[in-house]
$ cat upload29.pdb   # PDB, C-alpha atoms, pLDDT in the B column
ATOM      1  CA  THR A  18      91.020  70.185 114.091  1.00 62.00           C
ATOM      2  CA  PRO A  19      92.690  66.862 113.439  1.00 81.00           C
ATOM      3  CA  MET A  20      96.026  68.688 113.544  1.00 79.00           C
ATOM      4  CA  LYS A  21      97.925  68.849 116.798  1.00 86.00           C
ATOM      5  CA  ASP A  22      99.260  72.097 118.225  1.00 85.00           C
ATOM      6  CA  SER A  23     102.466  72.209 116.216  1.00 88.00           C
ATOM      7  CA  VAL A  24     104.483  74.344 113.832  1.00 88.00           C
ATOM      8  CA  PRO A  25     102.617  73.052 110.724  1.00 89.00           C
ATOM      9  CA  LEU A  26      99.306  74.071 112.323  1.00 90.00           C
ATOM     10  CA  HIS A  27     100.701  77.512 113.154  1.00 89.00           C
ATOM     11  CA  ILE A  28     101.937  77.909 109.579  1.00 91.00           C
ATOM     12  CA  LEU A  29      98.564  76.872 108.142  1.00 91.00           C
ATOM     13  CA  ALA A  30      96.585  79.137 110.472  1.00 91.00           C
ATOM     14  CA  SER A  31      98.927  82.052 109.782  1.00 92.00           C
ATOM     15  CA  PHE A  32      98.671  81.487 106.038  1.00 93.00           C
ATOM     16  CA  MET A  33      94.878  81.465 106.221  1.00 94.00           C
ATOM     17  CA  ALA A  34      94.921  84.660 108.312  1.00 94.00           C
ATOM     18  CA  GLY A  35      97.180  86.298 105.715  1.00 93.00           C
ATOM     19  CA  VAL A  36      94.856  85.337 102.851  1.00 95.00           C
ATOM     20  CA  ILE A  37      91.768  86.603 104.673  1.00 96.00           C
ATOM     21  CA  THR A  38      93.536  89.837 105.620  1.00 94.00           C
ATOM     22  CA  GLY A  39      94.711  90.395 102.045  1.00 93.00           C
ATOM     23  CA  VAL A  40      91.283  89.769 100.539  1.00 95.00           C
ATOM     24  CA  ALA A  41      89.542  91.958 103.127  1.00 96.00           C
ATOM     25  CA  SER A  42      91.959  94.887 102.982  1.00 95.00           C
ATOM     26  CA  ASN A  43      92.799  95.061  99.269  1.00 96.00           C
ATOM     27  CA  PRO A  44      89.683  96.980  98.118  1.00 97.00           C
ATOM     28  CA  MET A  45      90.330  99.729 100.675  1.00 96.00           C
ATOM     29  CA  ASP A  46      93.994  99.829  99.695  1.00 96.00           C
ATOM     30  CA  VAL A  47      93.126 100.217  96.007  1.00 96.00           C
ATOM     31  CA  ILE A  48      90.715 103.073  96.765  1.00 96.00           C
ATOM     32  CA  LYS A  49      93.230 104.786  99.078  1.00 96.00           C
ATOM     33  CA  THR A  50      95.999 104.505  96.487  1.00 94.00           C
ATOM     34  CA  ARG A  51      93.825 105.941  93.736  1.00 95.00           C
ATOM     35  CA  LEU A  52      92.729 108.868  95.887  1.00 95.00           C
ATOM     36  CA  MET A  53      96.326 109.654  96.872  1.00 95.00           C
ATOM     37  CA  GLN A  54      97.576 109.966  93.284  1.00 92.00           C
ATOM     38  CA  LYS A  55      98.643 113.468  92.263  1.00 89.00           C
ATOM     39  CA  ASP A  56      96.450 113.437  89.185  1.00 89.00           C
ATOM     40  CA  ALA A  57      93.467 111.816  90.905  1.00 83.00           C
ATOM     41  CA  LYS A  58      90.439 112.209  88.691  1.00 90.00           C
ATOM     42  CA  TYR A  59      87.914 111.532  91.431  1.00 93.00           C
ATOM     43  CA  ALA A  60      85.691 114.008  93.226  1.00 91.00           C
ATOM     44  CA  GLY A  61      85.951 112.035  96.451  1.00 93.00           C
ATOM     45  CA  LEU A  62      85.697 108.632  98.090  1.00 95.00           C
ATOM     46  CA  LEU A  63      82.245 107.707  96.810  1.00 96.00           C
ATOM     47  CA  ASP A  64      83.089 108.881  93.286  1.00 96.00           C
ATOM     48  CA  CYS A  65      86.227 106.730  93.326  1.00 96.00           C
ATOM     49  CA  ILE A  66      84.274 103.655  94.471  1.00 97.00           C
ATOM     50  CA  ALA A  67      81.484 104.195  91.928  1.00 97.00           C
ATOM     51  CA  SER A  68      83.898 104.922  89.099  1.00 96.00           C
ATOM     52  CA  THR A  69      86.006 101.845  89.827  1.00 96.00           C
ATOM     53  CA  ALA A  70      82.929  99.620  90.042  1.00 97.00           C
ATOM     54  CA  ARG A  71      81.440 101.069  86.854  1.00 97.00           C
ATOM     55  CA  ASN A  72      84.625 100.969  84.741  1.00 96.00           C
ATOM     56  CA  GLU A  73      86.361  97.843  86.053  1.00 96.00           C
ATOM     57  CA  GLY A  74      83.760  95.858  87.931  1.00 96.00           C
ATOM     58  CA  LEU A  75      84.488  93.962  91.136  1.00 95.00           C
ATOM     59  CA  ALA A  76      87.887  92.872  89.808  1.00 96.00           C
ATOM     60  CA  GLY A  77      89.026  96.499  89.863  1.00 96.00           C
ATOM     61  CA  PHE A  78      89.021  96.472  93.654  1.00 97.00           C
ATOM     62  CA  TYR A  79      91.342  93.474  93.685  1.00 96.00           C
ATOM     63  CA  LYS A  80      94.151  94.749  91.468  1.00 95.00           C
ATOM     64  CA  GLY A  81      97.421  93.718  93.078  1.00 94.00           C
ATOM     65  CA  CYS A  82      95.649  91.316  95.421  1.00 95.00           C
ATOM     66  CA  ALA A  83      98.140  88.478  94.813  1.00 95.00           C
ATOM     67  CA  THR A  84     100.991  90.735  95.881  1.00 94.00           C
ATOM     68  CA  THR A  85      99.071  91.886  98.948  1.00 93.00           C
ATOM     69  CA  ILE A  86      98.294  88.304  99.934  1.00 94.00           C
ATOM     70  CA  ALA A  87     101.913  87.247  99.426  1.00 94.00           C
ATOM     71  CA  ARG A  88     103.098  90.118 101.617  1.00 93.00           C
ATOM     72  CA  GLN A  89     100.471  89.497 104.303  1.00 92.00           C
ATOM     73  CA  CYS A  90     101.085  85.736 104.389  1.00 92.00           C
ATOM     74  CA  THR A  91     104.834  86.166 104.719  1.00 93.00           C
ATOM     75  CA  TYR A  92     104.494  88.727 107.480  1.00 93.00           C
ATOM     76  CA  THR A  93     101.744  86.878 109.346  1.00 92.00           C
ATOM     77  CA  MET A  94     103.444  83.492 109.153  1.00 91.00           C
ATOM     78  CA  GLY A  95     106.730  84.921 110.369  1.00 92.00           C
ATOM     79  CA  THR A  96     105.123  86.823 113.218  1.00 93.00           C
ATOM     80  CA  PHE A  97     102.756  84.122 114.488  1.00 91.00           C
ATOM     81  CA  VAL A  98     105.137  81.170 114.157  1.00 91.00           C
ATOM     82  CA  VAL A  99     107.930  83.033 115.955  1.00 93.00           C
ATOM     83  CA  MET A 100     105.494  84.260 118.621  1.00 93.00           C
ATOM     84  CA  GLU A 101     104.216  80.723 119.243  1.00 91.00           C
ATOM     85  CA  GLN A 102     107.747  79.370 119.577  1.00 91.00           C
ATOM     86  CA  ILE A 103     108.753  82.141 121.978  1.00 94.00           C
ATOM     87  CA  THR A 104     105.594  81.468 124.008  1.00 93.00           C
ATOM     88  CA  ARG A 105     106.512  77.771 124.211  1.00 90.00           C
ATOM     89  CA  VAL A 106     110.003  78.612 125.430  1.00 92.00           C
ATOM     90  CA  PHE A 107     108.636  80.869 128.169  1.00 93.00           C
ATOM     91  CA  GLN A 108     106.029  78.297 129.179  1.00 91.00           C
ATOM     92  CA  ALA A 109     108.737  75.622 129.428  1.00 90.00           C
ATOM     93  CA  LEU A 110     110.899  77.958 131.526  1.00 89.00           C
ATOM     94  CA  ASP A 111     107.931  78.740 133.767  1.00 88.00           C
ATOM     95  CA  LYS A 112     107.221  75.008 134.317  1.00 87.00           C
ATOM     96  CA  ASN A 113     110.847  74.435 135.332  1.00 79.00           C
ATOM     97  CA  ARG A 114     110.640  76.950 138.174  1.00 77.00           C
TER      98      ARG A 114
END

$ encode --input "upload29.pdb" --output "structure tokens"
Amino acid sequence: TPMKDSVPLHILASFMAGVITGVASNPMDVIKTRLMQKDAKYAGLLDCIASTARNEGLAGFYKGCATTIARQCTYTMGTFVVMEQITRVFQALDKNR
């Protein structure tokens, strides 16, 4: 990339990872949540998937996706940026030996 190995690059990469994770995991999370409800009206996993697709379309699998992405981005950015900075500190300490 044209970006150098720096904190802005780590933030951007972490943000992108959070978005991809949120988009990839949200459909499974929606299905899991619906199946776990006390008054679940589904006969099983496949019935839940078919019913959601039939009644709500593809958008039904992405209910709450913005919240999931916000949570994933915050967590991923915090984790990866801190990890990269800690790695740099240890690498600098190792070079000084």

$ atom_distance --input "upload29.pdb" --atom1 "atom CA of Ala34 of chain A" --atom2 "atom CA of Leu63 of chain A"
28.7 Å

$ resolve_selection --input "upload29.pdb" --expression "the PyMOL selection byres ((chain A and resi 94) around 9)" --output "MDAnalysis selection string"
chainID A and resid 27:32 34:35 89:93 95:99

$ closest_residue --input "upload29.pdb" --among "A:Thr69, A:Thr38, A:Gln102, A:Thr84" --to "Val24 of chain A" --atoms "all atoms listed in the file"
A:Gln102

$ atom_distance --input "upload29.pdb" --atom1 "atom CA of Lys49 of chain A" --atom2 "atom CA of Ala70 of chain A"
14.6 Å

$ atom_distance --input "upload29.pdb" --atom1 "atom CA of Asp64 of chain A" --atom2 "atom CA of Ile48 of chain A"
10.2 Å

$ decode --input "upload29.pdb" --residues "segment 52-69 of chain A" --atoms "C-alpha atoms" --output "CSV table (one decimal), in the first residue's frame"
chain,number,residue,atom,x,y,z
A,52,LEU,CA,-33.6,-19.8,17.6
A,53,MET,CA,-32.7,-19.0,21.3
A,54,GLN,CA,-35.9,-17.0,21.9
A,55,LYS,CA,-38.3,-18.6,24.4
A,56,ASP,CA,-41.2,-18.3,22.0
A,57,ALA,CA,-39.3,-19.4,19.0
A,58,LYS,CA,-41.7,-20.2,16.2
A,59,TYR,CA,-39.2,-22.2,14.1
A,60,ALA,CA,-39.0,-26.0,13.7
A,61,GLY,CA,-35.2,-25.8,13.5
A,62,LEU,CA,-32.3,-24.1,11.8
A,63,LEU,CA,-33.3,-24.6,8.2
A,64,ASP,CA,-36.9,-23.5,9.0
A,65,CYS,CA,-35.5,-20.3,10.6
A,66,ILE,CA,-33.3,-19.6,7.6
A,67,ALA,CA,-36.1,-20.2,5.1
A,68,SER,CA,-38.7,-18.3,7.1
A,69,THR,CA,-36.4,-15.3,7.5
